[in-house]
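entry.cif (mmCIF, C-alpha atoms)
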data_final
#
loop_
_atom_site.label_atom_id
_atom_site.label_comp_id
_atom_site.auth_asym_id
_atom_site.auth_seq_id
_atom_site.Cartn_x
_atom_site.Cartn_y
_atom_site.Cartn_z
CA MET A 1 -1.38 12.83 -20.53
CA ASN A 2 -3.68 10.40 -18.76
CA PRO A 3 -3.21 9.44 -15.12
CA SER A 4 -1.57 6.10 -14.48
CA THR A 5 -3.99 3.28 -13.71
CA ASP A 6 -2.77 2.58 -10.20
CA SER A 7 -3.95 -0.89 -9.27
CA GLY A 8 -3.17 -0.81 -5.57
CA ALA A 9 -0.24 -1.16 -3.20
CA THR A 10 -0.93 -4.49 -1.52
CA GLU A 11 0.45 -7.99 -1.91
CA PHE A 12 -1.38 -11.30 -1.50
CA LEU A 13 -0.32 -11.68 2.13
CA ALA A 14 -1.29 -8.10 2.89
CA ASN A 15 -4.78 -8.82 1.56
CA LEU A 16 -5.49 -11.98 3.54
CA SER A 17 -8.78 -11.65 5.39
CA ILE A 18 -9.17 -12.49 9.06
CA GLY A 19 -11.37 -15.43 8.05
CA SER A 20 -8.63 -16.82 5.82
CA VAL A 21 -6.05 -16.44 8.58
CA VAL A 22 -8.29 -18.17 11.14
CA THR A 23 -9.04 -21.02 8.68
CA PHE A 24 -5.33 -21.47 7.96
CA ALA A 25 -4.52 -21.51 11.69
CA LEU A 26 -7.28 -24.10 12.27
CA VAL A 27 -5.89 -26.36 9.53
CA LEU A 28 -2.39 -26.11 10.99
CA THR A 29 -3.77 -26.90 14.44
CA ILE A 30 -5.49 -30.05 13.16
CA LEU A 31 -2.29 -31.14 11.42
CA ARG A 32 -0.35 -30.51 14.62
CA ILE A 33 -2.75 -32.71 16.63
CA ILE A 34 -2.41 -35.50 14.05
CA LEU A 35 1.38 -35.28 14.14
CA LEU A 36 1.41 -35.36 17.94
CA ARG A 37 -0.64 -38.55 17.88
CA PHE A 38 1.84 -40.12 15.50
CA GLY A 39 4.64 -38.97 17.74
CA GLY A 40 2.96 -40.19 20.94
CA LYS A 41 2.00 -43.44 22.59
CA VAL A 42 -0.65 -44.41 20.03
CA VAL A 43 2.10 -45.25 17.53
CA PRO A 44 2.87 -49.01 17.51
CA VAL A 45 5.98 -49.97 19.47
CA THR A 46 7.46 -51.37 16.25
CA ASP A 47 7.95 -47.80 15.05
CA SER A 48 11.40 -46.42 15.77
CA PRO A 49 12.08 -43.58 18.26
CA ASP A 50 13.47 -41.57 15.35
CA THR A 51 10.08 -41.70 13.62
CA ASN A 52 8.33 -40.45 16.75
CA SER A 53 10.86 -37.64 17.13
CA PHE A 54 10.34 -36.65 13.50
CA PHE A 55 6.59 -36.27 13.94
CA ARG A 56 6.99 -34.39 17.21
CA GLY A 57 9.48 -32.07 15.52
CA LEU A 58 7.01 -31.31 12.74
CA ALA A 59 4.31 -30.64 15.32
CA GLU A 60 6.57 -28.12 17.08
CA ILE A 61 7.24 -26.35 13.78
CA LEU A 62 3.51 -26.11 13.09
CA GLU A 63 2.95 -24.76 16.58
CA SER A 64 5.50 -22.02 15.93
CA LEU A 65 3.82 -21.18 12.61
CA ILE A 66 0.42 -20.94 14.30
CA ILE A 67 1.70 -18.60 16.99
CA ALA A 68 3.63 -16.48 14.50
CA GLY A 69 0.65 -16.28 12.16
CA ILE A 70 -1.71 -15.17 14.92
CA LEU A 71 0.76 -12.53 16.11
CA VAL A 72 1.45 -11.16 12.64
CA PHE A 73 -1.98 -11.32 11.00
CA LEU A 74 -4.34 -10.82 13.93
CA ILE A 75 -2.34 -8.45 16.15
CA ILE A 76 0.62 -6.77 14.45
CA ARG A 77 -0.85 -6.29 10.95
CA PRO A 78 -4.27 -4.88 11.95
CA PHE A 79 -2.96 -2.49 14.58
CA PHE A 80 0.76 -1.77 14.20
CA VAL A 81 2.76 -2.44 11.03
CA GLN A 82 1.95 -3.85 7.60
CA ALA A 83 4.12 -4.54 4.56
CA PHE A 84 3.13 -3.29 1.12
CA PHE A 85 4.74 -3.25 -2.28
CA ILE A 86 4.70 -0.55 -4.96
CA PRO A 87 3.12 -1.74 -8.24
CA SER A 88 3.19 1.44 -10.32
CA GLU A 89 5.31 4.46 -11.21
CA SER A 90 3.00 7.04 -9.62
CA MET A 91 5.33 7.74 -6.66
CA GLU A 92 8.64 7.70 -8.51
CA VAL A 93 11.34 8.73 -7.86
CA THR A 94 10.60 8.47 -4.13
CA LEU A 95 9.16 4.96 -4.43
CA LEU A 96 10.01 2.80 -7.43
CA GLY A 97 7.44 0.53 -9.06
CA HIS A 98 8.35 -0.34 -12.62
CA ASP A 99 9.15 -3.33 -14.82
CA GLU A 100 11.87 -3.68 -17.41
CA GLY A 101 10.72 -2.50 -20.82
CA THR A 102 8.23 0.13 -21.92
CA ASN A 103 5.23 1.00 -19.76
CA PRO A 104 2.18 1.12 -22.09
CA TYR A 105 0.47 3.72 -19.88
CA THR A 106 3.37 6.15 -19.42
CA GLY A 107 5.45 5.41 -22.50
CA GLU A 108 8.58 5.37 -20.35
CA THR A 109 11.22 2.68 -20.89
CA HIS A 110 13.16 1.10 -17.99
CA THR A 111 16.28 -1.05 -18.11
CA ASP A 112 15.45 -2.92 -14.89
CA THR A 113 12.59 -4.14 -12.73
CA VAL A 114 12.24 -2.56 -9.29
CA HIS A 115 9.26 -2.71 -6.94
CA ASP A 116 9.95 -1.19 -3.55
CA HIS A 117 8.57 -3.00 -0.51
CA ILE A 118 7.67 -0.75 2.39
CA PHE A 119 6.58 -0.90 6.00
CA VAL A 120 3.54 1.18 6.91
CA ASN A 121 3.01 2.45 10.45
CA LYS A 122 -0.69 1.85 11.21
CA MET A 123 -0.51 3.03 14.82
CA ILE A 124 0.73 6.59 14.32
CA TYR A 125 -2.56 7.99 13.04
CA ARG A 126 -4.45 6.48 15.94
CA ILE A 127 -2.66 8.90 18.26
CA THR A 128 -1.97 11.85 15.94
CA GLU A 129 -3.28 13.39 12.74
CA PRO A 130 -1.66 13.05 9.30
CA LYS A 131 0.79 15.84 8.52
CA PHE A 132 1.43 17.84 5.38
CA ARG A 133 3.72 15.97 2.97
CA ASP A 134 3.36 12.62 4.79
CA ILE A 135 3.43 9.63 2.45
CA ILE A 136 0.22 7.80 3.28
CA VAL A 137 -1.46 4.51 2.37
CA PHE A 138 -5.24 4.59 2.09
CA ARG A 139 -8.36 2.87 0.82
CA ALA A 140 -9.21 4.83 -2.29
CA PRO A 141 -12.82 5.53 -3.19
CA ILE A 142 -14.40 3.51 -5.98
CA GLU A 143 -14.11 6.49 -8.32
CA ALA A 144 -10.31 6.16 -8.22
CA ASP A 145 -10.36 2.76 -9.93
CA MET A 146 -9.51 4.01 -13.42
CA GLU A 147 -8.27 0.62 -14.65
CA ASP A 148 -11.58 -1.19 -14.21
CA LYS A 149 -13.47 1.85 -15.48
CA ASN A 150 -11.44 1.79 -18.70
CA LYS A 151 -12.16 -1.94 -19.04
CA GLY A 152 -15.89 -1.36 -18.62
CA ILE A 153 -16.18 -3.57 -15.54
CA PRO A 154 -17.43 -2.66 -12.04
CA GLN A 155 -15.01 -0.43 -10.17
CA LYS A 156 -13.66 -1.41 -6.76
CA GLU A 157 -11.80 0.12 -3.85
CA ASN A 158 -8.02 -0.23 -4.14
CA VAL A 159 -5.27 0.50 -1.65
CA LEU A 160 -3.11 3.35 -2.96
CA ILE A 161 -0.10 5.31 -1.75
CA LYS A 162 0.34 9.07 -2.30
CA ARG A 163 1.84 12.15 -0.70
CA LEU A 164 -0.46 14.28 1.45
CA MET A 165 -0.53 17.76 -0.06
CA GLY A 166 -3.65 19.26 1.46
CA LEU A 167 -5.13 19.17 4.97
CA PRO A 168 -8.60 20.16 6.19
CA GLY A 169 -8.99 23.91 5.82
CA ASP A 170 -6.30 24.22 3.13
CA THR A 171 -6.92 25.70 -0.29
CA ILE A 172 -5.25 23.73 -3.10
CA GLU A 173 -4.76 24.74 -6.72
CA VAL A 174 -2.71 23.41 -9.63
CA ARG A 175 -2.01 26.30 -11.99
CA ASP A 176 0.57 27.06 -14.68
CA GLY A 177 2.63 23.98 -13.87
CA LYS A 178 2.83 24.74 -10.16
CA LEU A 179 1.09 23.56 -7.01
CA TYR A 180 -0.32 26.22 -4.71
CA ARG A 181 -1.24 25.62 -1.10
CA ASN A 182 -3.05 28.49 0.60
CA ASN A 183 -1.97 30.78 -2.27
CA GLN A 184 1.72 29.91 -1.78
CA VAL A 185 3.74 28.14 -4.48
CA LEU A 186 5.28 24.97 -3.07
CA SER A 187 8.91 23.99 -3.52
CA GLU A 188 8.93 20.25 -4.20
CA PRO A 189 12.39 18.69 -4.58
CA TYR A 190 10.95 15.16 -4.26
CA ILE A 191 8.82 15.15 -7.43
CA LYS A 192 10.05 13.38 -10.56
CA GLU A 193 9.51 16.34 -12.88
CA PRO A 194 7.60 19.64 -12.93
CA ILE A 195 3.83 19.43 -13.28
CA SER A 196 2.66 19.75 -16.87
CA GLU A 197 1.22 23.20 -17.51
CA ILE A 198 -1.56 21.60 -19.55
CA GLN A 199 -3.46 19.21 -17.31
CA PRO A 200 -5.62 16.34 -18.65
CA SER A 201 -9.25 17.28 -19.27
CA ASN A 202 -10.42 14.90 -16.53
CA ALA A 203 -8.23 16.59 -13.91
CA ILE A 204 -11.03 18.74 -12.50
CA PHE A 205 -10.41 18.93 -8.75
CA GLY A 206 -8.17 21.79 -7.65
CA VAL A 207 -7.00 22.35 -11.22
CA GLY A 208 -7.34 25.84 -12.70
CA GLN A 209 -9.40 26.98 -9.74
CA PRO A 210 -8.95 26.84 -5.95
CA LEU A 211 -10.34 23.89 -4.00
CA LYS A 212 -11.13 24.54 -0.34
CA LEU A 213 -10.86 21.38 1.76
CA LYS A 214 -13.63 20.78 4.26
CA PRO A 215 -13.22 19.16 7.70
CA GLY A 216 -12.15 15.53 7.30
CA GLN A 217 -10.99 16.03 3.71
CA LEU A 218 -7.45 15.46 2.41
CA PHE A 219 -5.81 16.11 -0.95
CA VAL A 220 -3.24 13.57 -2.15
CA MET A 221 -0.88 13.52 -5.13
CA GLY A 222 1.77 11.18 -6.49
CA ASP A 223 5.38 12.36 -6.66
CA ASN A 224 5.34 11.40 -10.36
CA ARG A 225 2.86 14.20 -10.92
CA ASN A 226 2.40 13.69 -14.65
CA ASP A 227 1.59 9.98 -14.29
CA SER A 228 -0.37 9.71 -11.07
CA ASN A 229 -4.01 8.87 -10.53
CA ASP A 230 -4.69 11.15 -7.57
CA SER A 231 -7.06 13.71 -6.07
CA ARG A 232 -6.96 15.85 -9.19
CA PHE A 233 -8.94 13.15 -10.98
CA TRP A 234 -11.26 11.65 -8.36
CA GLY A 235 -11.54 14.27 -5.65
CA THR A 236 -10.71 14.61 -2.01
CA LEU A 237 -9.86 11.72 0.30
CA GLU A 238 -11.82 11.21 3.50
CA ARG A 239 -9.65 11.05 6.62
CA SER A 240 -11.39 7.83 7.68
CA ARG A 241 -9.88 6.04 4.66
CA VAL A 242 -6.27 6.52 5.77
CA ILE A 243 -4.55 3.26 6.75
CA GLY A 244 -1.16 4.51 7.87
CA LYS A 245 2.09 6.31 7.15
CA ALA A 246 4.82 4.83 4.95
CA SER A 247 7.84 4.67 7.24
CA CYS A 248 10.64 2.93 5.33
CA ILE A 249 11.68 0.83 2.34
CA PHE A 250 12.89 -2.62 3.43
CA TRP A 251 13.36 -4.30 0.03
CA PRO A 252 15.31 -4.52 -2.24
CA PRO A 253 18.41 -4.23 -0.03
CA LYS A 254 20.03 -1.46 -2.09
CA ARG A 255 16.88 0.63 -1.65
CA ILE A 256 16.60 0.36 2.16
CA ARG A 257 15.93 3.78 3.65
CA ILE A 258 13.69 5.86 5.91
CA LEU A 259 10.94 7.71 4.08
CA HIS A 260 10.31 11.41 4.49
#
Translate the structure described by the file into structure tokens.
Amino acid sequence: MNPSTDSGATEFLANLSIGSVVTFALVLTILRIILLRFGGKVVPVTDSPDTNSFFRGLAEILESLIIAGILVFLIIRPFFVQAFFIPSESMEVTLLGHDEGTNPYTGETHTDTVHDHIFVNKMIYRITEPKFRDIIVFRAPIEADMEDKNKGIPQKENVLIKRLMGLPGDTIEVRDGKLYRNNQVLSEPYIKEPISEIQPSNAIFGVGQPLKLKPGQLFVMGDNRNDSNDSRFWGTLERSRVIGKASCIFWPPKRIRILH
């Protein structure tokens, strides 16, 4: 079975660049100034007080949007918390990311559409190191972009989410349908199904032979082990690429929960 072509975990708003945010704030500021002029003394006295109040009210709304945007996109998002959504099935059943119908990559059929939205703690790994079995969000290396590779177009770095199964110094091996960490078989109640005993031919890292992780190297895997594009296929993940820890699901409402 081929790994799923994970296309990333971010939404449009999560991907907005600082330049885009600053430009948007500048446009709103200009509009606010214009509205204040219409709501001030430069408006002819023939205009009604209600008209002036309307423009001033709009200006106040824009001011609130500017302040909120700066706080969220230039302070909170870069350093503290960011929202992401789950686009694929690679972390099921822990995190859902499927559409109604049959997935052409996995062959699995779903009766509903569910894409979990999560909050990611970006501060925690500034003060501590990632821990074994943490669910982490990271900037994947170019080699992990299987979708563009299959299309024959230049590969790019995507933002992915996986479970951390190997830390620096660990020895990882997938063998006989089981995952070994430091020669110990792991009990994994969170995975969707047991690992296939026959791994795809392009699963070459830590498969069939031990892989010793060097300093700064991590090994990540999806909870949907048989349909996850993870370290087995593109290698170890550098610690510097980690964005943060998935802390909770906040949408849809029936899926709200803390992640472990």
Compile a residue-level contact table for region 77-180 of chain A against region 220-223 of chain A at a cut-off of 10 Å, reporting for every qualifying residue the shortest atom pair and its distance in Å to one decimal, with all atoms listed in the file counted, rows ordered by chain and ascending number, as CSV.
residue,atom,partner,partner_atom,distance
A:Glu89,CA,A:Gly222,CA,8.9
A:Ser90,CA,A:Gly222,CA,5.3
A:Met91,CA,A:Asp223,CA,4.6
A:Glu92,CA,A:Asp223,CA,6.0
A:Val93,CA,A:Asp223,CA,7.1
A:Thr94,CA,A:Asp223,CA,7.0
A:Leu95,CA,A:Asp223,CA,8.6
A:Phe132,CA,A:Val220,CA,9.8
A:Arg133,CA,A:Val220,CA,9.0
A:Asp134,CA,A:Val220,CA,9.6
A:Ile135,CA,A:Val220,CA,9.0
A:Ile136,CA,A:Val220,CA,8.6
A:Leu160,CA,A:Gly222,CA,9.9
A:Ile161,CA,A:Gly222,CA,7.8
A:Lys162,CA,A:Gly222,CA,4.9
A:Arg163,CA,A:Met221,CA,5.4
A:Leu164,CA,A:Val220,CA,4.6
A:Met165,CA,A:Val220,CA,5.4
A:Gly166,CA,A:Val220,CA,6.8
A:Leu167,CA,A:Val220,CA,9.3
The PyMOL selection byres ((chain A and resi 218) around 12) applied to the shown file, residues as a CSV table (one decimal) with C-alpha atoms, keeping the file's coordinate frame:
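Once everything was written out, this is part-v5.csv:
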chain,number,residue,atom,x,y,z
A,129,GLU,CA,-3.3,13.4,12.7
A,130,PRO,CA,-1.7,13.0,9.3
A,131,LYS,CA,0.8,15.8,8.5
A,132,PHE,CA,1.4,17.8,5.4
A,133,ARG,CA,3.7,16.0,3.0
A,134,ASP,CA,3.4,12.6,4.8
A,136,ILE,CA,0.2,7.8,3.3
A,138,PHE,CA,-5.2,4.6,2.1
A,140,ALA,CA,-9.2,4.8,-2.3
A,162,LYS,CA,0.3,9.1,-2.3
A,163,ARG,CA,1.8,12.2,-0.7
A,164,LEU,CA,-0.5,14.3,1.4
A,165,MET,CA,-0.5,17.8,-0.1
A,166,GLY,CA,-3.6,19.3,1.5
A,167,LEU,CA,-5.1,19.2,5.0
A,168,PRO,CA,-8.6,20.2,6.2
A,169,GLY,CA,-9.0,23.9,5.8
A,170,ASP,CA,-6.3,24.2,3.1
A,171,THR,CA,-6.9,25.7,-0.3
A,172,ILE,CA,-5.2,23.7,-3.1
A,206,GLY,CA,-8.2,21.8,-7.6
A,211,LEU,CA,-10.3,23.9,-4.0
A,212,LYS,CA,-11.1,24.5,-0.3
A,213,LEU,CA,-10.9,21.4,1.8
A,214,LYS,CA,-13.6,20.8,4.3
A,215,PRO,CA,-13.2,19.2,7.7
A,216,GLY,CA,-12.2,15.5,7.3
A,217,GLN,CA,-11.0,16.0,3.7
A,219,PHE,CA,-5.8,16.1,-1.0
A,220,VAL,CA,-3.2,13.6,-2.2
A,221,MET,CA,-0.9,13.5,-5.1
A,230,ASP,CA,-4.7,11.2,-7.6
A,231,SER,CA,-7.1,13.7,-6.1
A,232,ARG,CA,-7.0,15.8,-9.2
A,235,GLY,CA,-11.5,14.3,-5.6
A,236,THR,CA,-10.7,14.6,-2.0
A,237,LEU,CA,-9.9,11.7,0.3
A,238,GLU,CA,-11.8,11.2,3.5
A,239,ARG,CA,-9.6,11.0,6.6
A,240,SER,CA,-11.4,7.8,7.7
A,241,ARG,CA,-9.9,6.0,4.7
A,242,VAL,CA,-6.3,6.5,5.8
Can you give me, as a list in words, the residues this file yields under the PyMOL selection byres ((chain A and resi 141-156) around 7)?
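Answer for the PyMOL selection byres ((chain A and resi 141-156) around 7): Thr5, Arg139, Ala140, Glu157, Asn158 and Trp234 of chain A.
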Using only C-alpha atoms, the residue out of A:Val159, A:Val81, A:Ile258, A:Phe233 with shortest distance to Ser201 (chain A) is A:Phe233
Just to confirm, what's the straight-line distance from CA of Ile256 (chain A) to CA of Asp116 (chain A) in Å (one decimal)?
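Separation of CA of Ile256 (chain A) and CA of Asp116 (chain A): 8.9 Å.
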